[in-house]
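S.K.: Can you keep this structure in mind? I'll have questions shortly.
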Amino acid sequence: MDVFSSLMDGFATALTPMNFLYAVIGVVLGTAVGVLPGIGPAMSIALLLPVTYALEPTSAFIMFAGIYYGGMYGGSTTSILLNTPGESSSVVTAIEGNKMAKAGRAAQALATAAIGSFVAGTIGTALLAVCAPIVVTFAVSLGSPSYFAIMVLALLAVTAVLGSSRLRGFASLGLGLAIGLVGLDSVTGQARLTFGQPLLADGLDIVVVAVAIFAVGEALWVAAHLRRTPLNIIPVGQPWMGKQDWKRSWKPWLRGTAFGFPFGALPAGGAEIPTFLSYVTEKRLSKHPEEFGKGAIEGVAGPEAANNAAAAGTLTPMLALGLPTNATAAVMLAAFTSYGIQPGPQLFESQGPLVWALIASLFIGNFLLLVINLPLAPLWARLLQLPRPYLYAGILFFATLGAYSVNLQAFDLVILLVLGALGFMMRRFGLPVLPLILGVILGPRIEGQLRKTLKLSAGDPSGLFSEPIAVVIYIIVAIILVWPLLLKLWRRNRPVTSFLPANASRGSEPTDVTRGSVSHGSHRADGPADGDVGRDGDGDGDG
Amino acid sequence: MSSSTSLTSRLKGRSELGVALLLGAAGALVLWDALGLATPYSNSDPVGPKTLPYIVAGLLIVCAVLLAVNVLRGGKGEAEEGEDVDLTHPADWRTVLPLAGAFIANILLIDWAGWVISGTILFWGSVWALGSRHYVRDGLVSLAMSLLTFYGFYLGLGIALPAGLLEGIL
């Protein structure tokens with residue numbers, strides 16, 4: 001068992017006292033920032049990228065692994081206790097989770113989320129350990145044409161499949177690719193988009209870009225729309241589950257895992273689709289369908305498991321192909337790059353011990369999460385009361401610090417502010433940020449593979465199709481691109497109604513409904529501080 | 001006459017057209033920059049440094065046009081929601097502009113006055129902009145944050161943030 005022995009070596013590395021300490025720090029930090037509103041795992045890793053200058057890679061990635069899983073778990077706590085999910089992946093958890101909390105079953109909701117996350121995370125990480133090396137053996141046989149195709153697929157899939165508007169996705173992608181162009185061309189050494197500014201010759205540092213888009217943009221955006229009414233936080237005690245809860249939870253955990261992992265591993269699979277599928281499945285299979293909508297434990301157990309399994313699945317293409325498919329993986333990839341480690345199928349070969357220590361620390365992090373979070377849940381709930389001025393001032397403060405410490409140049413802070421303003425604008429006008437980040441990271445690599453491909457074929461474009469895998473992938477790309485057209489034709493021929501209720505219950509209203517405030521008002525309608533619903537009309541003037 | 005009034009009424013509340021304008025400008029910029037590149041033809045690099053910029057510029061310009069059409073036809077991007085985001089009131093520029101001011105003050109001061117001073121101003125100013133009015137407590141927290149990060153970065157990460165005016169004291 002080659003995988004097994006490598007993994008054991010990984011555990012040996014990850015369990016040294018220092019590395020174990022970093023795992024604990026990562027898990028605690030990850031949960032804390034996951035619980036805190038406004039900070040997701042991607043932003044917290046982006047803010048922590050400066051530590052990569054002092055820590056050795058193994059320790060840093062062990063910490064990032066803890067943050068990754070911790071952040072996922074923390075997000076579910078927030079959505080259960082607050083009903084205002086920060087990450088799109090915990091939207092579904094909030095549906096039943098918050099209802100449970102309101103019915104006085106917050107402890108059970110948190111427990112099934114925590115244990116379900118543990119089960120799904122452990123199975124998912126095991127699948128990662130088994131699948132990733134298989135993907136690698138397949139991937140090392142691929143040449144530039146296939147890589148080019150795979151990256152095109154990843155970019156287009158993230159842009160076209162996720163988010164509510166493909167057009168805005170492509171706009172975001174274009175901006176990201178343009179940012180990625182800045183700097184000296186790697187082949188001919190010519191300056192592109194530097195405007196004679198020597199400080200731009202090395203290109204925009206990915207740390208600065210990530211921190212600007214995720215942290216500064218988010219802080220400014222929240223500041224502009226800061227909720228002045230206090231949130232209604234449901235008090236919680238020690239999480240626990242009764243026998244009946246266990247009985248109703250274990251199957252949803254396993255089914256959720258089965259949904260989550262494969263979707264996470266696909267480009268643009270993400271966690272939204274599997275969590276939603278899991279919810280629908282549990283609703284259909286449940287023996288208590290009447291409880292759905294009023295706080296059914298299956299509706300928390302399944303989606304939470306799917307969410308965590310998807311998180312593990314995402315790491316498969318990230319480690320095996322160097323292909324990030326969500327924001328957190330993209331930022332982790334940026335961390336690899338800042339260590340000078342080349343991501344891709346060679347990673348397992350060249351950085352074997354590091355990769356296996358990372359995988360081992362995912363197991364450890366999962367276990368730590370369970371041990372730390374069950375007793376600490378009341379404490380995490382109290383974190384939600386942190387004064388918002390301190391929270392968002394702190395985000396700006398650490399964002400500045402992180403971006404400045406890359407090169408110790410005030411110029412980077414100017415870029416930080418400009419790109420932060422861009423991030424603000426994107427949030428205001430509904431441009432998704434993920435395509436931009438992937439464009440910045442993958443753009444230069446795509447260009448490299450394109451040039452290598454055409455160099456091999458001496459400039460003949462048919463070189464792009466010289467490998468069968470590449471051809472297959474282009475067919476998939478074509479299907480993704482024309483899919484909405486086909487759907488439209490199909491709908492025109494047979495007016496369908498079955499799609500609508502599914503969408504509406506997800507809480508993500510289609511674009512034509514235009515006002516987000518409509519659904520928002522109804523979210524808040526059950527809170528006590530809601531005497532001012534009538535003022536919603538005034539808010540409409542800001543369009 | 002009637003067409004111009006209908007045009008102004010159509011433009012009203014369509015600030016998203018600014019996004020289309022920005023995309024178009026970015027596309028034009030990328031295109032202009034790419035035109036200025038020299039491409040010595042070589043067998044080792046048939047693609048050259050211009051190809052990707054042309055593609056990106058094309059993508060941006062096409063998106064700009066389509067977005068403008070989409071907005072004029074009544075399309076709208078959904079503003080992002082979040083735990084602390086309350087979209088029922090309009091953007092509060094009296095919070096955002098002072099925040100940006102604190103940020104810019106930090107940029108101007110960091111190399112000259114040093115991180116401890118500029119960071120304190122950044123944090124204190126941001127907290128104030130976001131609505132906290134506990135001046136003394138905020139000031140103490142700000143100072144503690146920038147001192148802790150200064151020494152934390154120096155001792156923990158080996159990164160010497162600028163000491164500036166306080167050189168020799170810290």
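Starting from 1 in every chain, residues are counted up; chains themselves are A, B, ... following the order of the structure tokens, and ligands are numbered from 1 as listed.
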Contacts between region 33-48 of chain B and region 175-239 of chain A, please, where a residue of region 175-239 of chain A counts if it comes within 9 Å (with only C-alpha atoms); show its shortest atom pair and distance in Å to one decimal, rows by chain and ascending number, as CSV.

M.R.:
residue,atom,partner,partner_atom,distance
A:Val187,CA,B:Asp45,CA,7.8
A:Thr188,CA,B:Gly48,CA,7.8
A:Gln190,CA,B:Leu37,CA,7.2
A:Ala191,CA,B:Leu37,CA,8.1
A:Arg192,CA,B:Asp33,CA,6.8
A:Leu193,CA,B:Asp33,CA,6.1
A:Thr194,CA,B:Asp33,CA,8.9
A:Phe195,CA,B:Asp33,CA,8.4

S.K.: For chain B against chain A, which residues fall within 6 Å using only C-alpha atoms, given as a ChimeraX atom specification?

M.R.: /B:13,44-47,56,60,63,77-80,82-86,88-92,96,107,123,126-127,130,157

S.K.: Would you pick out the contacts of Gly58 (chain B) at 10 Å or less, using only C-alpha atoms, so that residues sharing its chain but fewer than 3 positions from it are not included, and give the list as a PyMOL selection string?

M.R.: (chain A and resi 174) or (chain B and resi 24+27-28+30-31+52-55+61-64)

S.K.: Do a neighbour search on Gly74 (chain A) at 10 Å with only C-alpha atoms, toss out local chain neighbours closer than 4 positions, and write the hits as a list in words.

M.R.: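 Non-adjacent residues within range: Val27, Val28, Leu29, Gly30, Thr31, Ala32, Val33, Gly34, Val35, Leu36, Pro37, Gly40, Pro41, Ile67, Tyr69, Gly70, Thr78, Ser79, Ala114, Leu369, Asn373, Ala377, Trp380 and Ala381 of chain A.
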
S.K.: Closest to Ile234 (chain A) among A:Ala103, A:Gly463, A:Val477, A:Val92, using only C-alpha atoms?

M.R.: A:Ala103

S.K.: Any idea what the distance is between CA of Gly124 (chain A) and CA of Ala265 (chain A)?

M.R.: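 Calculated distance between CA of Gly124 (chain A) and CA of Ala265 (chain A) is 10.4 Å.
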
S.K.: Using only C-alpha atoms, determine which residues lie at most 10 Å from Leu148 (chain B), disregarding the query and same-chain residues fewer than 6 positions distant; provide the list as a PDB file with C-alpha atoms, in the first residue's frame.

M.R.:
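File selection_37.pdb, as written:
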ATOM      1  CA  VAL B 116       2.860  52.172  14.739  1.00  0.00           C
ATOM      2  CA  SER B 142      -5.733  50.935  18.138  1.00  0.00           C
ATOM      3  CA  TYR B 154       9.481  41.730  13.852  1.00  0.00           C
TER       4      TYR B 154
END

S.K.: Go ahead and compute the interatomic distance for CA of Ser466 (chain A) and CA of Val135 (chain A), in Å to one decimal.

M.R.: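 So the answer is 20.8 Å.
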
S.K.: So what do you get for CA of Ser338 (chain A) versus CA of Val355 (chain A), distance-wise?

M.R.: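 Computed distance, CA of Ser338 (chain A) to CA of Val355 (chain A), equals 16.0 Å.
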
S.K.: So which one's closest to Asn70 (chain B), A:Arg445, A:Arg166, A:Arg382, A:Lys488? Using only C-alpha atoms, please.

M.R.: A:Arg166

S.K.: May I ask which of the residues A:Leu49, A:Leu315, A:Ile233, A:Leu277 is the closest one to Leu383 (chain A), counting only C-alpha atoms?

M.R.: A:Ile233

S.K.: Quick one: residues within 12 Å of Gly256 (chain A), only C-alpha atoms counted, chain neighbours fewer than 4 positions away excluded, as a PyMOL selection string?

M.R.: chain A and resi 93+113+116-117+119-121+123-124+249-252+260-264+271+273-282+298-310

S.K.: I'd like the neighbourhood of Thr122 (chain A) as JSON, numbers by chain, where a residue qualifies if any of its atoms comes within 10 Å (using only C-alpha atoms), though same-chain residues fewer than 3 positions away should be ignored.

M.R.: {"A": [116, 117, 118, 119, 125, 126, 127, 128, 257, 308, 309, 312, 362, 363, 364, 365, 366, 367]}

S.K.: Within 8 Å of region 6-22 of chain A, which residues of region 59-88 of chain A show up? Give each one with its shortest atom-to-atom distance in Å (one decimal) and the two atoms involved, counting only C-alpha atoms, rows by chain then rising residue number, as a Markdown table.

M.R.:
| residue | atom | partner | partner_atom | distance |
| --- | --- | --- | --- | --- |
| A:Ser59 | CA | A:Asn19 | CA | 5.5 |
| A:Ala60 | CA | A:Tyr22 | CA | 7.7 |
| A:Ile62 | CA | A:Tyr22 | CA | 6.5 |
| A:Met63 | CA | A:Tyr22 | CA | 5.1 |

S.K.: With N, CA and C atoms retained, could you export that selection as an mmCIF file, in the first residue's frame?

M.R.:
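The resulting again_28.cif:
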data_model
loop_
_atom_site.group_PDB
_atom_site.id
_atom_site.type_symbol
_atom_site.label_atom_id
_atom_site.label_comp_id
_atom_site.auth_asym_id
_atom_site.auth_seq_id
_atom_site.Cartn_x
_atom_site.Cartn_y
_atom_site.Cartn_z
ATOM 1 N N SER A 59 4.395 23.590 7.822
ATOM 2 C CA SER A 59 3.630 24.140 8.941
ATOM 3 C C SER A 59 2.526 25.056 8.430
ATOM 4 N N ALA A 60 2.869 25.887 7.450
ATOM 5 C CA ALA A 60 1.878 26.830 6.934
ATOM 6 C C ALA A 60 0.684 26.081 6.364
ATOM 7 N N ILE A 62 -0.319 23.052 7.020
ATOM 8 C CA ILE A 62 -1.065 22.375 8.082
ATOM 9 C C ILE A 62 -2.033 23.365 8.712
ATOM 10 N N MET A 63 -1.562 24.583 8.913
ATOM 11 C CA MET A 63 -2.433 25.606 9.491
ATOM 12 C C MET A 63 -3.573 25.940 8.522
#
